[in-house]
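*Asks:* Below is the file structure31.cif, with mmCIF, C-alpha atoms.
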```cif
data_start
loop_
_atom_site.group_PDB
_atom_site.id
_atom_site.type_symbol
_atom_site.label_atom_id
_atom_site.label_comp_id
_atom_site.auth_asym_id
_atom_site.auth_seq_id
_atom_site.Cartn_x
_atom_site.Cartn_y
_atom_site.Cartn_z
ATOM 1 C CA MET A 199 29.920 30.450 19.362
ATOM 2 C CA SER A 200 27.081 29.958 16.916
ATOM 3 C CA ASN A 201 23.559 29.086 17.990
ATOM 4 C CA HIS A 202 23.846 25.623 16.482
ATOM 5 C CA LEU A 203 26.224 23.174 18.077
ATOM 6 C CA SER A 204 27.554 20.027 16.517
ATOM 7 C CA ALA A 205 26.713 16.778 18.283
ATOM 8 C CA GLU A 206 30.247 16.688 19.708
ATOM 9 C CA GLN A 207 30.051 20.278 20.973
ATOM 10 C CA ARG A 208 26.643 19.606 22.527
ATOM 11 C CA GLU A 209 27.992 16.469 24.206
ATOM 12 C CA ASP A 210 30.974 18.413 25.559
ATOM 13 C CA LEU A 211 28.660 21.119 26.892
ATOM 14 C CA HIS A 212 26.406 18.563 28.578
ATOM 15 C CA PHE A 213 29.493 16.950 30.117
ATOM 16 C CA ARG A 214 30.792 20.292 31.404
ATOM 17 C CA VAL A 215 27.404 21.272 32.848
ATOM 18 C CA LEU A 216 26.856 17.885 34.530
ATOM 19 C CA ARG A 217 30.372 18.023 35.955
ATOM 20 C CA LEU A 218 29.889 21.561 37.248
ATOM 21 C CA LEU A 219 26.510 20.747 38.793
ATOM 22 C CA GLY A 220 27.890 17.640 40.466
ATOM 23 C CA ASP A 221 30.212 19.872 42.464
ATOM 24 C CA ASN A 222 27.994 22.966 42.753
ATOM 25 C CA PRO A 223 24.259 22.187 42.500
ATOM 26 C CA GLU A 224 23.333 25.577 43.944
ATOM 27 C CA LEU A 225 24.972 27.658 41.195
ATOM 28 C CA SER A 226 22.699 30.137 39.469
ATOM 29 C CA GLN A 227 22.412 30.025 35.707
ATOM 30 C CA ARG A 228 24.325 33.304 35.561
ATOM 31 C CA GLN A 229 27.167 31.794 37.623
ATOM 32 C CA MET A 230 27.198 28.712 35.388
ATOM 33 C CA ALA A 231 27.384 30.888 32.289
ATOM 34 C CA ALA A 232 30.360 32.765 33.731
ATOM 35 C CA GLU A 233 32.097 29.578 34.870
ATOM 36 C CA LEU A 234 31.615 27.866 31.493
ATOM 37 C CA ASP A 235 32.188 31.046 29.465
ATOM 38 C CA ILE A 236 28.922 30.664 27.544
ATOM 39 C CA SER A 237 25.773 32.757 27.260
ATOM 40 C CA LEU A 238 23.019 32.690 29.846
ATOM 41 C CA GLY A 239 20.579 31.597 27.134
ATOM 42 C CA ARG A 240 22.781 28.641 26.222
ATOM 43 C CA VAL A 241 22.915 27.574 29.890
ATOM 44 C CA ASN A 242 19.139 27.802 30.149
ATOM 45 C CA TYR A 243 18.672 25.782 26.953
ATOM 46 C CA CYS A 244 21.172 23.147 28.122
ATOM 47 C CA LEU A 245 19.575 22.811 31.567
ATOM 48 C CA ARG A 246 16.137 22.359 30.027
ATOM 49 C CA ALA A 247 17.493 19.675 27.687
ATOM 50 C CA LEU A 248 19.207 17.850 30.583
ATOM 51 C CA ALA A 249 16.028 18.040 32.682
ATOM 52 C CA GLN A 250 13.872 16.737 29.797
ATOM 53 C CA LYS A 251 16.237 13.774 29.445
ATOM 54 C CA GLY A 252 15.932 13.077 33.183
ATOM 55 C CA LEU A 253 19.626 13.766 33.790
ATOM 56 C CA ILE A 254 18.993 16.575 36.289
ATOM 57 C CA LYS A 255 16.171 17.735 38.523
ATOM 58 C CA ILE A 256 15.582 21.405 39.154
ATOM 59 C CA ALA A 257 14.182 22.374 42.540
ATOM 60 C CA ASN A 258 12.865 25.902 43.143
ATOM 61 C CA PHE A 259 13.568 27.494 46.497
ATOM 62 C CA GLY A 260 12.367 30.977 45.544
ATOM 63 C CA GLU A 261 10.407 31.339 48.784
ATOM 64 C CA SER A 262 13.586 31.005 50.815
ATOM 65 C CA ARG A 263 14.658 34.039 52.853
ATOM 66 C CA HIS A 264 18.129 33.618 51.358
ATOM 67 C CA LYS A 265 16.747 33.709 47.814
ATOM 68 C CA LEU A 266 18.796 30.679 46.826
ATOM 69 C CA GLY A 267 16.565 30.251 43.801
ATOM 70 C CA TYR A 268 17.208 26.923 42.158
ATOM 71 C CA VAL A 269 19.174 23.816 43.001
ATOM 72 C CA HIS A 270 20.160 21.544 40.128
ATOM 73 C CA VAL A 271 20.468 17.931 41.242
ATOM 74 C CA VAL A 272 22.184 15.408 39.000
ATOM 75 C CA THR A 273 20.015 12.279 38.938
ATOM 76 C CA PRO A 274 21.356 8.694 39.023
ATOM 77 C CA LYS A 275 20.658 8.570 35.282
ATOM 78 C CA GLY A 276 22.625 11.822 34.970
ATOM 79 C CA LEU A 277 25.543 10.354 36.922
ATOM 80 C CA ALA A 278 25.669 7.369 34.562
ATOM 81 C CA LYS A 279 25.483 9.662 31.542
ATOM 82 C CA ARG A 280 28.230 11.872 32.989
ATOM 83 C CA ALA A 281 30.477 8.807 33.364
ATOM 84 C CA ALA A 282 29.902 7.871 29.713
ATOM 85 C CA LEU A 283 30.455 11.464 28.599
ATOM 86 C CA THR A 284 33.629 11.628 30.680
ATOM 87 C CA THR A 285 35.032 8.591 28.897
ATOM 88 C CA ARG A 286 34.296 10.026 25.442
ATOM 89 C CA PHE A 287 35.551 13.485 26.452
ATOM 90 C CA LEU A 288 38.835 12.023 27.698
ATOM 91 C CA GLN A 289 39.266 9.956 24.537
ATOM 92 C CA ARG A 290 38.800 13.064 22.360
ATOM 93 C CA LYS A 291 41.141 15.192 24.489
ATOM 94 C CA LEU A 292 43.833 12.491 24.563
ATOM 95 C CA ALA A 293 43.641 12.193 20.765
ATOM 96 C CA GLU A 294 43.948 15.985 20.487
ATOM 97 C CA TYR A 295 46.890 15.910 22.902
ATOM 98 C CA ASP A 296 48.663 13.187 20.897
ATOM 99 C CA ALA A 297 48.115 15.117 17.650
ATOM 100 C CA LEU A 298 49.427 18.288 19.270
ATOM 101 C CA LYS A 299 52.517 16.488 20.600
ATOM 102 C CA GLN A 300 53.238 15.174 17.099
ATOM 103 C CA GLU A 301 52.813 18.635 15.586
ATOM 104 C CA ILE A 302 55.127 20.184 18.191
ATOM 105 C CA ALA A 303 57.748 17.501 17.572
ATOM 106 C CA ALA A 304 57.563 18.138 13.805
ATOM 107 C CA ILE A 305 57.949 21.892 14.280
ATOM 108 C CA GLU A 306 60.886 21.356 16.644
ATOM 109 C CA ARG A 307 62.561 19.122 14.029
ATOM 110 C CA GLU A 308 61.988 21.754 11.346
ATOM 111 C CA LEU A 309 63.408 24.463 13.585
ATOM 112 C CA HIS A 310 66.408 22.327 14.429
ATOM 113 C CA GLU A 311 67.025 21.677 10.712
ATOM 114 C CA GLU A 312 66.673 25.398 9.902
ATOM 115 C CA THR A 313 69.083 26.343 12.691
ATOM 116 C CA ARG A 314 71.577 23.721 11.598
ATOM 117 C CA ARG A 315 71.533 24.973 8.001
ATOM 118 C CA GLN A 316 72.372 28.516 9.033
#
```
What does the file become when written as structure tokens?
*Replies:*
Amino acid sequence: MSNHLSAEQREDLHFRVLRLLGDNPELSQRQMAAELDISLGRVNYCLRALAQKGLIKIANFGESRHKLGYVHVVTPKGLAKRAALTTRFLQRKLAEYDALKQEIAAIERELHEETRRQ
């Protein structure tokens, strides 16, 4: 993945991070990177961007005996943004799914025609 993301890729990443944090606010950045299959630097950059926009809050618990580190809390503004991102993400994925179904159907027709000719 290149260092520069398109607006759509950035939106998808923000959606995936907000969704992941909603379920697992205690994940480390390293765990997030592994879960999302992206670099640690990209996770860090994304979290900073989300925090600057007020979509998440980052609490440091470094003094804890359990060394939990950081907890990433999705804010009410972040929850609203995640809902909007979810809608757009689903619309894009459904359009991709429809296009893929059409392509599969066309290939199946071609294969059927080829088989019939032989």
*Asks:* Find the residue from A:Asp210, A:Asn222, A:Leu203, A:Arg307 that sits nearest to Thr285 (chain A); use only C-alpha atoms when measuring.
*Replies:* A:Asp210
*Asks:* I'd like the contact shell of region 253-257 of chain A - 12 Å cut-off, all atoms listed in the file, skipping same-chain residues fewer than 2 positions apart - returned as a PDB file with C-alpha atoms, keeping the file's coordinate frame.
*Replies:*
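Output contents, as saved in around.pdb:
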```pdb
ATOM      1  CA  HIS A 212      26.406  18.563  28.578  1.00  0.00           C
ATOM      2  CA  PHE A 213      29.493  16.950  30.117  1.00  0.00           C
ATOM      3  CA  VAL A 215      27.404  21.272  32.848  1.00  0.00           C
ATOM      4  CA  LEU A 216      26.856  17.885  34.530  1.00  0.00           C
ATOM      5  CA  ARG A 217      30.372  18.023  35.955  1.00  0.00           C
ATOM      6  CA  LEU A 219      26.510  20.747  38.793  1.00  0.00           C
ATOM      7  CA  GLY A 220      27.890  17.640  40.466  1.00  0.00           C
ATOM      8  CA  PRO A 223      24.259  22.187  42.500  1.00  0.00           C
ATOM      9  CA  GLU A 224      23.333  25.577  43.944  1.00  0.00           C
ATOM     10  CA  LEU A 225      24.972  27.658  41.195  1.00  0.00           C
ATOM     11  CA  SER A 226      22.699  30.137  39.469  1.00  0.00           C
ATOM     12  CA  GLN A 227      22.412  30.025  35.707  1.00  0.00           C
ATOM     13  CA  ASN A 242      19.139  27.802  30.149  1.00  0.00           C
ATOM     14  CA  CYS A 244      21.172  23.147  28.122  1.00  0.00           C
ATOM     15  CA  LEU A 245      19.575  22.811  31.567  1.00  0.00           C
ATOM     16  CA  ARG A 246      16.137  22.359  30.027  1.00  0.00           C
ATOM     17  CA  ALA A 247      17.493  19.675  27.687  1.00  0.00           C
ATOM     18  CA  LEU A 248      19.207  17.850  30.583  1.00  0.00           C
ATOM     19  CA  ALA A 249      16.028  18.040  32.682  1.00  0.00           C
ATOM     20  CA  GLN A 250      13.872  16.737  29.797  1.00  0.00           C
ATOM     21  CA  LYS A 251      16.237  13.774  29.445  1.00  0.00           C
ATOM     22  CA  PHE A 259      13.568  27.494  46.497  1.00  0.00           C
ATOM     23  CA  GLY A 260      12.367  30.977  45.544  1.00  0.00           C
ATOM     24  CA  GLU A 261      10.407  31.339  48.784  1.00  0.00           C
ATOM     25  CA  SER A 262      13.586  31.005  50.815  1.00  0.00           C
ATOM     26  CA  LEU A 266      18.796  30.679  46.826  1.00  0.00           C
ATOM     27  CA  GLY A 267      16.565  30.251  43.801  1.00  0.00           C
ATOM     28  CA  TYR A 268      17.208  26.923  42.158  1.00  0.00           C
ATOM     29  CA  VAL A 269      19.174  23.816  43.001  1.00  0.00           C
ATOM     30  CA  HIS A 270      20.160  21.544  40.128  1.00  0.00           C
ATOM     31  CA  VAL A 271      20.468  17.931  41.242  1.00  0.00           C
ATOM     32  CA  VAL A 272      22.184  15.408  39.000  1.00  0.00           C
ATOM     33  CA  THR A 273      20.015  12.279  38.938  1.00  0.00           C
ATOM     34  CA  PRO A 274      21.356   8.694  39.023  1.00  0.00           C
ATOM     35  CA  LYS A 275      20.658   8.570  35.282  1.00  0.00           C
ATOM     36  CA  GLY A 276      22.625  11.822  34.970  1.00  0.00           C
ATOM     37  CA  LEU A 277      25.543  10.354  36.922  1.00  0.00           C
ATOM     38  CA  ALA A 278      25.669   7.369  34.562  1.00  0.00           C
ATOM     39  CA  LYS A 279      25.483   9.662  31.542  1.00  0.00           C
ATOM     40  CA  ARG A 280      28.230  11.872  32.989  1.00  0.00           C
ATOM     41  CA  ALA A 281      30.477   8.807  33.364  1.00  0.00           C
TER      42      ALA A 281
END
```
*Asks:* Mind pulling up the distance from CA of Arg208 (chain A) to CA of Gln229 (chain A)?
*Replies:*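 The value is 19.4 Å.
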*Asks:* Mind giving me the straight-line distance from CA of Leu283 (chain A) to CA of Arg214 (chain A) in Å, one decimal?
*Replies:*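 So the two atoms, CA of Leu283 (chain A) and CA of Arg214 (chain A), lie 9.3 Å apart.
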*Asks:* Do you have the CA of Ile236 (chain A)-CA of Glu209 (chain A) distance handy?
*Replies:* 14.6 Å
